[in-house]
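**Q** I am attaching a structure below and will ask some questions about it afterwards.
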Amino acid sequence: MSQTLTASPAGRTLAEIRPHRGRRQGTVYLFLLPATAFFIGFVAYPILWVFDESLMRAGSDGVRHFVGLGNYLATLQDPIFWLVLRNMALWGLITIPVQMLIGGLIAWFIERHTQQWRGFFRTMFFLPVVTSVSVVSLVWAQIYAPYYGIAQNYLQVLGITMTDSALGNPATSIYALIVVNIWQWTGFSMLMYVAGIANLPSEVLDAARIDGARGMRLAGSVVVPMLAPVTKSLLLLGIIGTLQTFPIVQLMTGGGPSHSSEVFGTDIFRQSFVLGDTNTGATLSVIVLALAFGLTLAQIVFLGARLGGRRAAR
Amino acid sequence: MTTRIAGLEPANLTVHLGLGLVLLLWMVPEAYMVSIAMRAPETVFDPTLFTWPLTFDNFVTVIKDNPLPSFFLNSLIVTVATVILVLAVSSLFAFAVAVLRLPGTTVLYAVLLTTLMVPMASLVLPLAILLKTFGWVNRYVGLIFPYVALGAPFAVVILKAFMEDAPKELFEAARVDGCTPWQTFIHVTLPLVRPALVFVAIWQFIVTWNEFFLALIVMTENEMKTVTIVPMQYSGLYMANPGALFAILTIIALPLIGLYVLVQRAFVRGLLAGAVKG
């Protein structure tokens, strides 16, 4: 507070005190201006642009024509689009719960059973999150590589024989990529649950223990429900994260072989920047946006999730 | 009391051993990366996690042959500028919403939050066109401005929550003392939410440093590339020499890992202080 006092001009009397509102009301809105300007320029305007572009088609004469929902109908008839949807569903349905489960268990053991080693474990398990995703992708490509990769060699010891590269087989490529995503992002779920567990009221845990609830029963009946807000945040972030999946796939398989691991990110990239078809790229962008908005609103309405969570960008 | 090993009770020792085992497994890719980077040409294609002997030759070669410092400089300029702008823009906005409570701000706040639902995949195409129009392709601002727009809403959420948790009397006292809103912002509010600012700065740094999609599209000239997108071109260049490639990957990965280890205490403190409440 002393800072505040010295900051105010000396010799000021009560009569001179200006309230926040009043004649300064106009200028205080300037506080909102920078963030709003960035939002309009780099979020709102681009979104309006993709909507417009998705309703147009560039003709052979180079002139844009309004085609209504024509691009959408064409996209829905593209078998690759359905492969993308299947892969996105697999990605979300596998990565989100697995990362929650492993991350949650690790967090539980770290928070409840370690003292001196707590900081060490928390930091180490989070390291994959801060490892550059392009590095992660190239290292895992090497792990999966046939002949000189370690996956084939060591899985053989466990009795699992990989006849060919997991990335080169259309039947397994998407799962091989999902494993990489789980490896990279489990530490994020872990740290979110660490924060949740650390903030649990200790009386509740103590009371439950005295009542005879121990170990797994304590976790199941008391802790899991109390961590629901963290779980909801992770679900929300997981779905947005799934929809923006790109670097791992682009760098490891490029969406192949024969589109078997194609995701929205690689499909939009291919259509817009490789094939130069911005109308189809825009149509896919709108579909991704609609899915993200729809799924988020559904969680807010049905699960009471809040958009105050954290944004995982990759 | 039963026998204690390293000050741990048997049950706790089991938990530590279990966690350690999982951690060892989890660290295999990181160890593999360093291991390949330190191999001689004879052993580089061995399908084992570790080989012997170790060598630093690959590091010497790639540092001598490649302009790695310039890529780091690009990443540093983009990341630091983004972090500073995000902190400035979002703390101003959060202050107006949480402390000044100006009429109409709740609606604007809700609109701003919709950004959190927008996946980067749906924005790369329009942003690429927009940046081309402005002549911002291969310019630092071409990455910084979109990153600020996408990062600010999350920062606003965190900072707003911290400002709302702060004792109201402090802001009231500042007003009675004759502070202008600007003075209240600088001298009262910012010091109060310091842990939140630190937390936001660290997270924004990690996210910006590692962003790949937009950087790939905006930075096409070699001199402008950030460290996240350079491994791609080297994977082609060093196809037959994985030792050199993985030396580059190690050099690219280690600074951010080291930085996180240095600041993790402050980061986790911010997280525990309620950054995750929402």
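If you're wondering about the labels, chains in the structure tokens are A, B, ... by order shown, residues count from 1 in each chain, ligands from 1 in order shown.
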Using DSSP on the backbone coordinates, identify all residues within range 34-233 of chain A classified as strand (DSSP E or B); present the result as a tab-separated table (two decimals) with N, CA, C and O atoms, in the first residue's frame.
**A**
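Output saved as states_32.tsv:
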```tsv
chain	number	residue	atom	x	y	z
A	56	MET	N	-17.68	-20.15	-51.69
A	56	MET	CA	-17.30	-19.71	-53.03
A	56	MET	C	-16.51	-20.81	-53.74
A	56	MET	O	-16.01	-21.75	-53.13
A	57	ARG	N	-16.39	-20.64	-55.04
A	57	ARG	CA	-15.51	-21.54	-55.79
A	57	ARG	C	-14.87	-20.72	-56.89
A	57	ARG	O	-15.55	-19.96	-57.57
A	58	ALA	N	-13.57	-20.82	-57.00
A	58	ALA	CA	-12.87	-20.09	-58.05
A	58	ALA	C	-13.08	-20.81	-59.38
A	58	ALA	O	-12.79	-22.00	-59.50
A	64	ARG	N	-14.44	-15.65	-58.65
A	64	ARG	CA	-15.10	-16.44	-57.62
A	64	ARG	C	-16.61	-16.43	-57.83
A	64	ARG	O	-17.20	-15.39	-58.10
A	65	HIS	N	-17.20	-17.60	-57.73
A	65	HIS	CA	-18.65	-17.70	-57.84
A	65	HIS	C	-19.21	-18.20	-56.53
A	65	HIS	O	-18.61	-19.03	-55.87
A	66	PHE	N	-20.42	-17.72	-56.24
A	66	PHE	CA	-21.11	-18.22	-55.05
A	66	PHE	C	-21.67	-19.60	-55.37
A	66	PHE	O	-22.37	-19.78	-56.36
```
**Q** At a cut-off of 6 Å, list the chain B residues touching chain A, using only C-alpha atoms, as a list in words.
**A** Phe45, Asp46, Pro47, Thr48, Val89, Leu92, Phe93, Met117, Pro119, Met120, Ala121, Ser122, Pro126, Pro146, Ala149, Val157, Gly178, Cys179, His187, Asn210, Glu211, Leu249, Ala253, Leu272 and Gly278 of chain B
**Q** Grab the residues selected above and save them as an mmCIF file, in the first residue's frame with N, CA, C and O atoms.
**A**
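Result file is selection04.cif:
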```cif
data_model
loop_
_atom_site.group_PDB
_atom_site.id
_atom_site.type_symbol
_atom_site.label_atom_id
_atom_site.label_comp_id
_atom_site.auth_asym_id
_atom_site.auth_seq_id
_atom_site.Cartn_x
_atom_site.Cartn_y
_atom_site.Cartn_z
ATOM 1 N N PHE B 45 23.638 -47.223 -36.409
ATOM 2 C CA PHE B 45 22.440 -47.957 -36.823
ATOM 3 C C PHE B 45 22.152 -49.176 -35.947
ATOM 4 O O PHE B 45 21.315 -50.002 -36.273
ATOM 5 N N ASP B 46 22.883 -49.331 -34.821
ATOM 6 C CA ASP B 46 22.607 -50.444 -33.911
ATOM 7 C C ASP B 46 21.223 -50.284 -33.277
ATOM 8 O O ASP B 46 20.914 -49.220 -32.751
ATOM 9 N N PRO B 47 20.410 -51.344 -33.312
ATOM 10 C CA PRO B 47 19.055 -51.224 -32.763
ATOM 11 C C PRO B 47 19.030 -51.388 -31.246
ATOM 12 O O PRO B 47 18.234 -52.151 -30.715
ATOM 13 N N THR B 48 19.904 -50.688 -30.537
ATOM 14 C CA THR B 48 19.908 -50.751 -29.074
ATOM 15 C C THR B 48 19.817 -49.340 -28.510
ATOM 16 O O THR B 48 20.121 -48.369 -29.202
ATOM 17 N N VAL B 89 -1.300 -6.984 -22.918
ATOM 18 C CA VAL B 89 -2.658 -6.917 -23.457
ATOM 19 C C VAL B 89 -3.670 -7.585 -22.522
ATOM 20 O O VAL B 89 -4.743 -7.050 -22.255
ATOM 21 N N LEU B 92 -4.235 -5.745 -18.995
ATOM 22 C CA LEU B 92 -5.086 -4.563 -19.179
ATOM 23 C C LEU B 92 -6.550 -4.980 -19.288
ATOM 24 O O LEU B 92 -7.428 -4.420 -18.631
ATOM 25 N N PHE B 93 -6.795 -5.982 -20.108
ATOM 26 C CA PHE B 93 -8.172 -6.430 -20.337
ATOM 27 C C PHE B 93 -8.768 -7.006 -19.047
ATOM 28 O O PHE B 93 -9.881 -6.663 -18.656
ATOM 29 N N MET B 117 -11.806 -21.923 -28.061
ATOM 30 C CA MET B 117 -12.392 -23.066 -28.771
ATOM 31 C C MET B 117 -11.861 -23.193 -30.189
ATOM 32 O O MET B 117 -12.209 -24.134 -30.896
ATOM 33 N N PRO B 119 -9.394 -24.158 -32.897
ATOM 34 C CA PRO B 119 -8.161 -24.904 -33.142
ATOM 35 C C PRO B 119 -7.309 -24.196 -34.197
ATOM 36 O O PRO B 119 -7.845 -23.638 -35.152
ATOM 37 N N MET B 120 -6.012 -24.215 -34.006
ATOM 38 C CA MET B 120 -5.090 -23.592 -34.952
ATOM 39 C C MET B 120 -5.322 -24.098 -36.380
ATOM 40 O O MET B 120 -5.197 -23.341 -37.348
ATOM 41 N N ALA B 121 -5.698 -25.386 -36.487
ATOM 42 C CA ALA B 121 -5.884 -25.977 -37.813
ATOM 43 C C ALA B 121 -6.898 -25.202 -38.648
ATOM 44 O O ALA B 121 -6.794 -25.123 -39.868
ATOM 45 N N SER B 122 -7.896 -24.593 -37.988
ATOM 46 C CA SER B 122 -8.929 -23.889 -38.745
ATOM 47 C C SER B 122 -8.523 -22.451 -39.046
ATOM 48 O O SER B 122 -9.217 -21.744 -39.769
ATOM 49 N N PRO B 126 -6.765 -18.859 -43.357
ATOM 50 C CA PRO B 126 -7.073 -17.424 -43.405
ATOM 51 C C PRO B 126 -5.931 -16.558 -42.894
ATOM 52 O O PRO B 126 -5.693 -15.481 -43.443
ATOM 53 N N PRO B 146 -0.441 -13.028 -34.524
ATOM 54 C CA PRO B 146 -1.413 -14.122 -34.335
ATOM 55 C C PRO B 146 -1.207 -14.871 -33.007
ATOM 56 O O PRO B 146 -2.185 -15.242 -32.356
ATOM 57 N N ALA B 149 -2.850 -12.880 -30.305
ATOM 58 C CA ALA B 149 -4.309 -12.980 -30.382
ATOM 59 C C ALA B 149 -4.795 -14.314 -29.827
ATOM 60 O O ALA B 149 -5.811 -14.388 -29.134
ATOM 61 N N VAL B 157 -8.138 -15.193 -18.694
ATOM 62 C CA VAL B 157 -8.882 -16.049 -17.763
ATOM 63 C C VAL B 157 -8.134 -16.162 -16.434
ATOM 64 O O VAL B 157 -8.702 -15.971 -15.352
ATOM 65 N N GLY B 178 -7.078 8.511 -4.365
ATOM 66 C CA GLY B 178 -6.978 9.375 -5.532
ATOM 67 C C GLY B 178 -6.201 8.791 -6.686
ATOM 68 O O GLY B 178 -5.775 9.513 -7.584
ATOM 69 N N CYS B 179 -5.989 7.473 -6.662
ATOM 70 C CA CYS B 179 -5.290 6.854 -7.780
ATOM 71 C C CYS B 179 -6.170 6.859 -9.019
ATOM 72 O O CYS B 179 -7.364 6.574 -8.936
ATOM 73 N N HIS B 187 0.384 0.145 -9.903
ATOM 74 C CA HIS B 187 0.989 0.088 -8.565
ATOM 75 C C HIS B 187 0.273 -0.848 -7.598
ATOM 76 O O HIS B 187 0.856 -1.250 -6.607
ATOM 77 N N ASN B 210 7.397 -23.677 -28.995
ATOM 78 C CA ASN B 210 7.169 -24.969 -29.638
ATOM 79 C C ASN B 210 6.122 -24.952 -30.742
ATOM 80 O O ASN B 210 5.842 -25.983 -31.342
ATOM 81 N N GLU B 211 5.516 -23.778 -31.028
ATOM 82 C CA GLU B 211 4.446 -23.765 -32.038
ATOM 83 C C GLU B 211 5.015 -24.152 -33.388
ATOM 84 O O GLU B 211 6.061 -23.684 -33.809
ATOM 85 N N LEU B 249 18.873 -32.295 -33.003
ATOM 86 C CA LEU B 249 17.636 -32.424 -32.216
ATOM 87 C C LEU B 249 17.920 -32.184 -30.737
ATOM 88 O O LEU B 249 17.156 -31.508 -30.037
ATOM 89 N N ALA B 253 16.335 -29.358 -28.404
ATOM 90 C CA ALA B 253 15.433 -29.711 -27.305
ATOM 91 C C ALA B 253 15.949 -29.229 -25.942
ATOM 92 O O ALA B 253 15.161 -28.807 -25.093
ATOM 93 N N LEU B 272 -0.601 -24.257 -8.528
ATOM 94 C CA LEU B 272 -1.214 -24.642 -7.258
ATOM 95 C C LEU B 272 -2.004 -23.481 -6.661
ATOM 96 O O LEU B 272 -2.984 -23.686 -5.953
ATOM 97 N N GLY B 278 -10.436 -22.669 -12.755
ATOM 98 C CA GLY B 278 -11.550 -22.605 -13.720
ATOM 99 C C GLY B 278 -11.799 -23.964 -14.259
ATOM 100 O O GLY B 278 -12.676 -24.377 -14.820
#
```
**Q** For a test of reading the model, state the distance in Å between CA of Asn138 in chain B and CA of Met224 in chain B, rounded to one decimal.
**A**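 One can read the CA of Asn138 in chain B to CA of Met224 in chain B distance as 6.1 Å.
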**Q** Which residues are near range 262-271 of chain B? Cut-off 7 Å, only C-alpha atoms, ignore same chain within fewer than 5 positions. Put them as a PyMOL selection string.
**A** (chain A and resi 123+195) or (chain B and resi 195-196+199+202+276)
**Q** Grab the CA of Gly68 in chain A to CA of Ser54 in chain A distance for me, in Å with one decimal place.
**A**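 So the answer is 8.5 Å.
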**Q** Between CA of Asn58 in chain B and CA of Asn74 in chain B, what is the spacing in Å?
**A**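 Straight-line distance from CA of Asn74 in chain B to CA of Asn58 in chain B works out to 23.6 Å.
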